[in-house]
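Dropping work09.tsv in here (TSV, C-alpha atoms):
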chain	number	residue	atom	x	y	z
A	1	MET	CA	-180.86	4.92	-39.32
A	2	ALA	CA	-184.13	3.80	-40.86
A	3	LYS	CA	-186.69	6.26	-42.08
A	4	ASP	CA	-189.09	7.49	-39.42
A	5	PHE	CA	-192.53	6.88	-40.86
A	6	ILE	CA	-194.19	7.80	-37.60
A	7	GLY	CA	-192.67	11.24	-37.32
A	8	TYR	CA	-191.69	11.12	-33.66
A	9	GLN	CA	-190.00	14.48	-33.65
A	10	ALA	CA	-193.07	16.21	-34.99
A	11	LEU	CA	-195.27	14.39	-32.49
A	12	THR	CA	-192.93	15.27	-29.64
A	13	ASP	CA	-192.58	18.85	-30.78
A	14	GLN	CA	-196.34	19.25	-30.93
A	15	ALA	CA	-196.82	17.62	-27.54
A	16	LEU	CA	-194.25	19.87	-25.87
A	17	ARG	CA	-195.71	23.04	-27.37
A	18	GLY	CA	-198.82	21.91	-25.55
A	19	VAL	CA	-196.85	22.08	-22.30
A	20	VAL	CA	-196.19	25.77	-22.96
A	21	ARG	CA	-199.86	26.28	-23.70
A	22	ASP	CA	-200.80	24.54	-20.46
A	23	ALA	CA	-198.32	26.64	-18.47
A	24	LEU	CA	-199.61	29.87	-20.00
A	25	ARG	CA	-203.17	28.81	-19.30
A	26	ARG	CA	-202.36	28.43	-15.63
A	27	ILE	CA	-200.92	31.94	-15.60
A	28	GLU	CA	-203.91	33.23	-17.50
A	29	LYS	CA	-206.15	31.75	-14.86
A	30	SER	CA	-204.20	32.28	-11.65
A	31	GLY	CA	-201.49	34.83	-12.44
A	32	LEU	CA	-197.80	34.33	-11.85
A	33	ILE	CA	-197.14	32.86	-8.44
A	34	GLY	CA	-193.97	31.82	-6.69
A	35	ALA	CA	-190.78	32.45	-8.63
A	36	HIS	CA	-192.32	31.64	-11.99
A	37	HIS	CA	-191.71	33.83	-15.00
A	38	PHE	CA	-191.51	32.99	-18.65
A	39	TYR	CA	-189.04	33.60	-21.43
A	40	LEU	CA	-190.66	32.90	-24.76
A	41	THR	CA	-188.62	32.97	-27.96
A	42	PHE	CA	-190.39	33.03	-31.31
A	43	LYS	CA	-189.75	33.61	-34.98
A	44	THR	CA	-190.89	37.16	-35.63
A	45	HIS	CA	-191.76	36.43	-39.28
A	46	HIS	CA	-193.48	33.11	-38.72
A	47	GLU	CA	-196.90	32.80	-40.28
A	48	GLY	CA	-199.57	34.15	-37.99
A	49	VAL	CA	-197.26	36.26	-35.82
A	50	ASP	CA	-198.77	39.70	-35.36
A	51	ILE	CA	-196.50	42.20	-33.61
A	52	PRO	CA	-195.70	45.88	-34.24
A	53	ASP	CA	-193.52	46.59	-37.25
A	54	PHE	CA	-190.73	48.17	-35.23
A	55	LEU	CA	-190.26	44.89	-33.39
A	56	LYS	CA	-190.13	42.92	-36.63
A	57	GLU	CA	-187.48	45.32	-37.85
A	58	GLN	CA	-185.54	45.25	-34.63
A	59	TYR	CA	-185.73	41.46	-34.44
A	60	PRO	CA	-185.72	40.21	-38.03
A	61	ASP	CA	-185.29	36.56	-37.01
A	62	GLU	CA	-186.10	35.71	-33.41
A	63	MET	CA	-187.26	37.68	-30.43
A	64	THR	CA	-187.52	36.73	-26.77
A	65	ILE	CA	-190.24	38.21	-24.61
A	66	ILE	CA	-190.46	38.00	-20.86
A	67	ILE	CA	-193.70	37.56	-19.02
A	68	GLN	CA	-192.96	38.60	-15.50
A	69	HIS	CA	-193.87	41.86	-13.83
A	70	GLN	CA	-195.60	43.88	-16.48
A	71	TYR	CA	-197.89	42.16	-18.87
A	72	TRP	CA	-201.50	42.65	-19.75
A	73	ALA	CA	-204.34	40.99	-21.59
A	74	LEU	CA	-202.90	37.50	-21.66
A	75	LYS	CA	-205.21	35.28	-23.66
A	76	VAL	CA	-204.38	31.67	-24.38
A	77	LYS	CA	-206.09	29.76	-27.16
A	78	ASP	CA	-205.44	26.34	-28.66
A	79	ASP	CA	-203.10	27.56	-31.39
A	80	TYR	CA	-201.82	30.91	-30.18
A	81	PHE	CA	-201.56	33.31	-27.29
A	82	GLU	CA	-201.86	37.05	-27.04
A	83	VAL	CA	-200.22	39.33	-24.53
A	84	THR	CA	-199.49	43.04	-24.27
A	85	LEU	CA	-196.01	44.11	-23.18
A	86	THR	CA	-194.34	47.48	-23.08
A	87	PHE	CA	-191.45	48.42	-25.33
A	88	LYS	CA	-189.93	51.87	-24.95
A	89	LYS	CA	-192.75	52.67	-22.54
A	90	LEU	CA	-195.39	51.95	-25.15
A	91	PRO	CA	-197.79	49.05	-24.94
A	92	ALA	CA	-197.46	46.57	-27.77
A	93	PRO	CA	-200.05	43.86	-28.31
A	94	LEU	CA	-198.47	40.60	-29.45
A	95	HIS	CA	-200.22	37.70	-31.19
A	96	ILE	CA	-198.00	34.63	-31.27
A	97	PRO	CA	-198.94	31.18	-32.59
A	98	PHE	CA	-197.42	28.33	-30.57
A	99	ALA	CA	-196.01	27.02	-33.84
A	100	ALA	CA	-193.79	30.12	-33.99
A	101	LEU	CA	-192.07	29.34	-30.68
A	102	THR	CA	-188.49	28.17	-30.70
A	103	ALA	CA	-187.85	28.19	-26.95
A	104	PHE	CA	-189.54	28.39	-23.60
A	105	PHE	CA	-187.80	28.89	-20.30
A	106	ASP	CA	-189.00	29.45	-16.75
A	107	PRO	CA	-185.93	30.57	-14.78
A	108	GLY	CA	-187.90	30.40	-11.56
A	109	VAL	CA	-187.74	26.63	-11.60
A	110	GLN	CA	-185.11	26.13	-14.32
A	111	PHE	CA	-187.48	24.43	-16.69
A	112	GLY	CA	-187.01	24.89	-20.40
A	113	LEU	CA	-187.98	23.51	-23.78
A	114	GLN	CA	-186.58	24.14	-27.22
A	115	PHE	CA	-188.45	23.68	-30.47
A	116	ARG	CA	-187.74	23.88	-34.10
A	117	SER	CA	-189.94	26.35	-35.89
A	118	GLU	CA	-192.13	24.89	-38.60
A	119	GLY	CA	-190.31	26.85	-41.25
A	120	ASP	CA	-187.04	25.27	-40.18
A	121	ALA	CA	-188.33	21.74	-40.26
A	122	LYS	CA	-186.76	20.98	-43.60
A	123	GLN	CA	-183.53	22.78	-42.90
A	124	GLN	CA	-182.51	21.69	-39.46
A	125	PRO	CA	-181.30	18.19	-38.76
A	126	ALA	CA	-183.07	17.66	-35.47
A	127	PRO	CA	-184.96	19.52	-32.77
A	128	VAL	CA	-183.79	19.78	-29.20
A	129	MET	CA	-186.24	18.99	-26.48
A	130	VAL	CA	-184.26	18.98	-23.28
A	131	PRO	CA	-184.15	21.73	-20.68
A	132	PRO	CA	-181.26	24.08	-21.38
A	133	PRO	CA	-178.80	24.43	-18.50
A	134	GLU	CA	-178.72	28.20	-18.87
A	135	PRO	CA	-181.23	30.55	-20.45
A	136	GLU	CA	-179.95	31.78	-23.77
A	137	VAL	CA	-182.22	34.69	-24.32
A	138	ALA	CA	-181.96	38.24	-25.49
A	139	GLN	CA	-183.63	40.68	-23.16
A	140	ALA	CA	-186.41	42.27	-25.13
A	141	GLU	CA	-188.47	44.07	-22.53
A	142	GLU	CA	-188.11	47.81	-22.56
A	143	ALA	CA	-184.39	47.55	-23.31
A	144	PRO	CA	-183.52	49.19	-26.63
A	145	PRO	CA	-180.51	47.79	-28.49
A	146	VAL	CA	-177.17	49.37	-27.70
A	147	ALA	CA	-176.72	50.69	-31.21
A	148	ALA	CA	-179.60	51.55	-33.50
A	149	GLN	CA	-179.25	49.66	-36.73
A	150	PRO	CA	-180.16	51.25	-40.06
A	151	LYS	CA	-183.29	49.80	-41.61
A	152	PRO	CA	-182.69	47.62	-44.64
A	153	ALA	CA	-183.85	49.24	-47.85
B	1	MET	CA	-184.81	25.93	-6.44
B	2	ALA	CA	-188.19	27.54	-6.04
B	3	LYS	CA	-191.34	25.49	-5.74
B	4	ASP	CA	-192.91	24.54	-9.06
B	5	PHE	CA	-196.52	25.67	-8.78
B	6	ILE	CA	-197.15	24.92	-12.43
B	7	GLY	CA	-196.12	21.29	-12.30
B	8	TYR	CA	-194.00	21.19	-15.42
B	9	GLN	CA	-192.88	17.62	-14.97
B	10	ALA	CA	-196.44	16.37	-14.72
B	11	LEU	CA	-197.44	18.44	-17.76
B	12	THR	CA	-194.46	17.16	-19.73
B	13	ASP	CA	-194.98	13.60	-18.62
B	14	GLN	CA	-198.61	13.73	-19.69
B	15	ALA	CA	-197.72	15.33	-23.02
B	16	LEU	CA	-195.10	12.71	-23.81
B	17	ARG	CA	-197.39	9.83	-22.93
B	18	GLY	CA	-199.56	11.32	-25.64
B	19	VAL	CA	-196.69	10.80	-28.08
B	20	VAL	CA	-196.80	7.07	-27.33
B	21	ARG	CA	-200.55	7.10	-27.83
B	22	ASP	CA	-200.14	8.87	-31.17
B	23	ALA	CA	-197.47	6.41	-32.29
B	24	LEU	CA	-199.62	3.42	-31.33
B	25	ARG	CA	-202.59	4.96	-33.11
B	26	ARG	CA	-200.60	5.14	-36.32
B	27	ILE	CA	-199.72	1.46	-35.97
B	28	GLU	CA	-203.32	0.64	-35.16
B	29	LYS	CA	-204.36	2.35	-38.36
B	30	SER	CA	-201.57	1.49	-40.78
B	31	GLY	CA	-199.67	-1.40	-39.22
B	32	LEU	CA	-195.93	-1.44	-38.59
B	33	ILE	CA	-194.01	-0.15	-41.56
B	34	GLY	CA	-190.33	0.38	-42.16
B	35	ALA	CA	-188.07	-0.64	-39.32
B	36	HIS	CA	-190.47	0.46	-36.62
B	37	HIS	CA	-191.18	-1.72	-33.63
B	38	PHE	CA	-192.06	-0.84	-30.08
B	39	TYR	CA	-190.72	-1.72	-26.66
B	40	LEU	CA	-193.22	-0.72	-24.02
B	41	THR	CA	-192.35	-1.00	-20.34
B	42	PHE	CA	-195.08	-0.72	-17.75
B	43	LYS	CA	-195.76	-1.30	-14.07
B	44	THR	CA	-197.53	-4.63	-13.89
B	45	HIS	CA	-199.40	-3.71	-10.71
B	46	HIS	CA	-200.38	-0.19	-11.72
B	47	GLU	CA	-204.05	0.64	-11.33
B	48	GLY	CA	-205.98	-0.39	-14.40
B	49	VAL	CA	-203.44	-2.86	-15.75
B	50	ASP	CA	-205.18	-6.06	-16.75
B	51	ILE	CA	-202.84	-8.89	-17.73
B	52	PRO	CA	-202.80	-12.63	-16.99
B	53	ASP	CA	-201.83	-13.57	-13.45
B	54	PHE	CA	-198.79	-15.57	-14.51
B	55	LEU	CA	-197.31	-12.43	-16.03
B	56	LYS	CA	-197.95	-10.45	-12.87
B	57	GLU	CA	-196.19	-13.16	-10.92
B	58	GLN	CA	-193.32	-13.42	-13.34
B	59	TYR	CA	-192.90	-9.64	-13.46
B	60	PRO	CA	-193.88	-8.33	-10.04
B	61	ASP	CA	-192.64	-4.80	-10.78
B	62	GLU	CA	-192.12	-3.92	-14.43
B	63	MET	CA	-192.53	-5.78	-17.68
B	64	THR	CA	-191.46	-4.90	-21.18
B	65	ILE	CA	-193.51	-6.03	-24.14
B	66	ILE	CA	-192.49	-5.88	-27.77
B	67	ILE	CA	-194.88	-5.04	-30.55
B	68	GLN	CA	-193.17	-6.26	-33.66
B	69	HIS	CA	-193.93	-9.40	-35.59
B	70	GLN	CA	-196.69	-11.08	-33.71
B	71	TYR	CA	-199.37	-9.01	-32.15
B	72	TRP	CA	-203.10	-8.96	-32.48
B	73	ALA	CA	-206.13	-6.88	-31.62
B	74	LEU	CA	-204.31	-3.63	-31.01
B	75	LYS	CA	-206.81	-1.06	-29.80
B	76	VAL	CA	-205.75	2.41	-28.76
B	77	LYS	CA	-207.97	4.60	-26.64
B	78	ASP	CA	-207.37	7.93	-24.94
B	79	ASP	CA	-206.24	6.48	-21.63
B	80	TYR	CA	-205.11	2.95	-22.44
B	81	PHE	CA	-204.27	0.47	-25.14
B	82	GLU	CA	-205.01	-3.20	-25.57
B	83	VAL	CA	-202.99	-5.75	-27.47
B	84	THR	CA	-202.74	-9.52	-27.56
B	85	LEU	CA	-199.28	-11.08	-27.51
B	86	THR	CA	-198.15	-14.66	-27.16
B	87	PHE	CA	-196.30	-15.94	-24.12
B	88	LYS	CA	-195.22	-19.56	-24.09
B	89	LYS	CA	-197.21	-20.01	-27.30
B	90	LEU	CA	-200.42	-18.91	-25.65
B	91	PRO	CA	-202.20	-15.71	-26.55
B	92	ALA	CA	-202.47	-13.22	-23.69
B	93	PRO	CA	-204.68	-10.16	-23.95
B	94	LEU	CA	-203.13	-7.14	-22.27
B	95	HIS	CA	-204.91	-3.99	-21.13
B	96	ILE	CA	-202.43	-1.26	-20.25
B	97	PRO	CA	-203.24	2.34	-19.24
B	98	PHE	CA	-200.77	4.88	-20.59
B	99	ALA	CA	-200.33	6.06	-17.01
B	100	ALA	CA	-198.72	2.69	-16.23
B	101	LEU	CA	-195.94	3.15	-18.80
B	102	THR	CA	-192.44	3.80	-17.58
B	103	ALA	CA	-190.63	3.61	-20.92
B	104	PHE	CA	-191.17	3.56	-24.65
B	105	PHE	CA	-188.53	2.74	-27.23
B	106	ASP	CA	-188.59	2.26	-30.98
B	107	PRO	CA	-185.24	0.67	-31.89
B	108	GLY	CA	-186.03	1.06	-35.57
B	109	VAL	CA	-185.36	4.76	-35.40
B	110	GLN	CA	-183.69	4.96	-31.96
B	111	PHE	CA	-186.45	7.03	-30.43
B	112	GLY	CA	-187.29	6.60	-26.78
B	113	LEU	CA	-189.08	8.17	-23.87
B	114	GLN	CA	-188.97	7.44	-20.17
B	115	PHE	CA	-191.70	8.23	-17.69
B	116	ARG	CA	-192.27	8.02	-14.03
B	117	SER	CA	-195.23	5.93	-13.11
B	118	GLU	CA	-197.92	7.71	-11.15
B	119	GLY	CA	-197.35	5.53	-8.14
B	120	ASP	CA	-193.71	6.57	-8.08
B	121	ALA	CA	-194.41	10.27	-8.29
B	122	LYS	CA	-193.94	10.81	-4.60
B	123	GLN	CA	-190.95	8.55	-4.26
B	124	GLN	CA	-188.71	9.43	-7.18
B	125	PRO	CA	-186.90	12.73	-7.32
B	126	ALA	CA	-187.42	13.46	-10.99
B	127	PRO	CA	-188.58	11.84	-14.19
B	128	VAL	CA	-186.38	11.36	-17.20
B	129	MET	CA	-187.70	12.44	-20.55
B	130	VAL	CA	-184.82	12.10	-22.94
B	131	PRO	CA	-184.25	9.31	-25.43
B	132	PRO	CA	-182.06	6.63	-23.91
B	133	PRO	CA	-178.86	5.88	-25.86
B	134	GLU	CA	-179.44	2.15	-25.61
B	135	PRO	CA	-182.62	0.22	-25.01
B	136	GLU	CA	-182.72	-1.12	-21.50
B	137	VAL	CA	-185.39	-3.72	-21.79
B	138	ALA	CA	-186.02	-7.22	-20.68
B	139	GLN	CA	-187.12	-9.50	-23.46
B	140	ALA	CA	-190.61	-10.59	-22.55
B	141	GLU	CA	-191.95	-12.13	-25.72
B	142	GLU	CA	-192.16	-15.90	-25.69
B	143	ALA	CA	-188.87	-16.12	-23.81
B	144	PRO	CA	-189.33	-17.82	-20.45
B	145	PRO	CA	-186.94	-16.83	-17.67
B	146	VAL	CA	-183.74	-18.84	-17.40
B	147	ALA	CA	-184.70	-20.24	-14.04
B	148	ALA	CA	-188.23	-20.72	-12.88
B	149	GLN	CA	-188.77	-18.91	-9.63
B	150	PRO	CA	-190.95	-20.31	-6.88
B	151	LYS	CA	-194.19	-18.48	-6.41
B	152	PRO	CA	-194.38	-16.37	-3.27
B	153	ALA	CA	-196.81	-17.79	-0.79
Can you dump the structure from the file as structure tokens?
Amino acid sequence: MAKDFIGYQALTDQALRGVVRDALRRIEKSGLIGAHHFYLTFKTHHEGVDIPDFLKEQYPDEMTIIIQHQYWALKVKDDYFEVTLTFKKLPAPLHIPFAALTAFFDPGVQFGLQFRSEGDAKQQPAPVMVPPPEPEVAQAEEAPPVAAQPKPA
Amino acid sequence: MAKDFIGYQALTDQALRGVVRDALRRIEKSGLIGAHHFYLTFKTHHEGVDIPDFLKEQYPDEMTIIIQHQYWALKVKDDYFEVTLTFKKLPAPLHIPFAALTAFFDPGVQFGLQFRSEGDAKQQPAPVMVPPPEPEVAQAEEAPPVAAQPKPA
């Protein structure tokens, strides 16, 4: 196939991250209504991600958060959002750039999007941008891992 | 499935029409390079569409234009684009709102998008937003129909 000088995948990726931003903005403004709730998967070490260290250690690659019953201080800006969730009964403020997202899923209406993270752009062959048939997420809200893993030196 | 209070399909549809706008803007600025060329399908009677009457008569529902070798005066704005193409050797200026688009395809790199037109939003069950495997377009550039159809009274 010929070289893509236009960069459709990047344009599409950027446009669809905007859909997540728009959805979060509606929640920021009106709260979660109906059956809506959000699964957001992001690269924990992506540039600009600011989350507690224990989460970065527990999730050295990706982490999925759920915005459903208990969330606080949701703020949505052009390039990032902030939300406070509880992990092990403690509130944890999260600062997540949209560029760090790798997946979005709203099980309430079975709508999902998958992204490539910017850091993967040169490694992965192609992004996926269709709704996944099933959510492939790791529960990250208040549920500690089954076995505690030793910290890397 | 639960009611979608967020309106994901509308958000996605709007975001992906922006991809077409971005692609056209690059062509407007730099011209067509590489193997890129565009098939744009739109509702000929959508609000805001301004094309010669003979095209509206020839294509009473949808029409696909090709931006490849011969096009002039491409102007891309936030909500519409304008381009002059030749039909039967005569130049025809076209004014097409992005909201009138139902499909976009760049055969050069096999990238495509399909939209629902706004007028169809209440009639069609769901939009399609994945790249089509094959372009489904009707050649509309300089090629008259095989048989001339009588004009409706």
Using all atoms listed in the file, which residues sit within 6 Å of range 60-71 of chain A once same-chain residues fewer than 5 positions away are excluded, as a list in words?
His37, Phe38, Tyr39, Leu40, Thr41, Phe42, Lys43, Thr44, Thr84, Leu85, Ala138 and Ala140 of chain A
Define the interface residues of chain A facing chain B as those within 12 Å, counting all atoms listed in the file, and report them as an MDAnalysis selection string. chainID A and resid 1:38 104:113 128:131
Q: Just give me the gap between CA of Ala100 in chain A and CA of Phe98 in chain B in Å, one decimal is fine.
A: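 Separation between CA of Ala100 in chain A and CA of Phe98 in chain B: 29.4 Å.
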Separating CA of Tyr80 in chain A from CA of Ala99 in chain B, to the nearest tenth of an Å, is a gap of 28.2 Å
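Between CA of Phe54 in chain A and CA of His95 in chain A the interatomic distance comes to 14.7 Å.
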Review point. What's the 10 Å shell around Pro93 in chain A, counting only C-alpha atoms, without same-chain residues fewer than 5 positions away, as a list in words?
Key: Asp50, Ile51, Pro52, Tyr71, Trp72, Ala73, Leu74, Glu82, Val83, Thr84, Leu85 and Thr86 of chain A
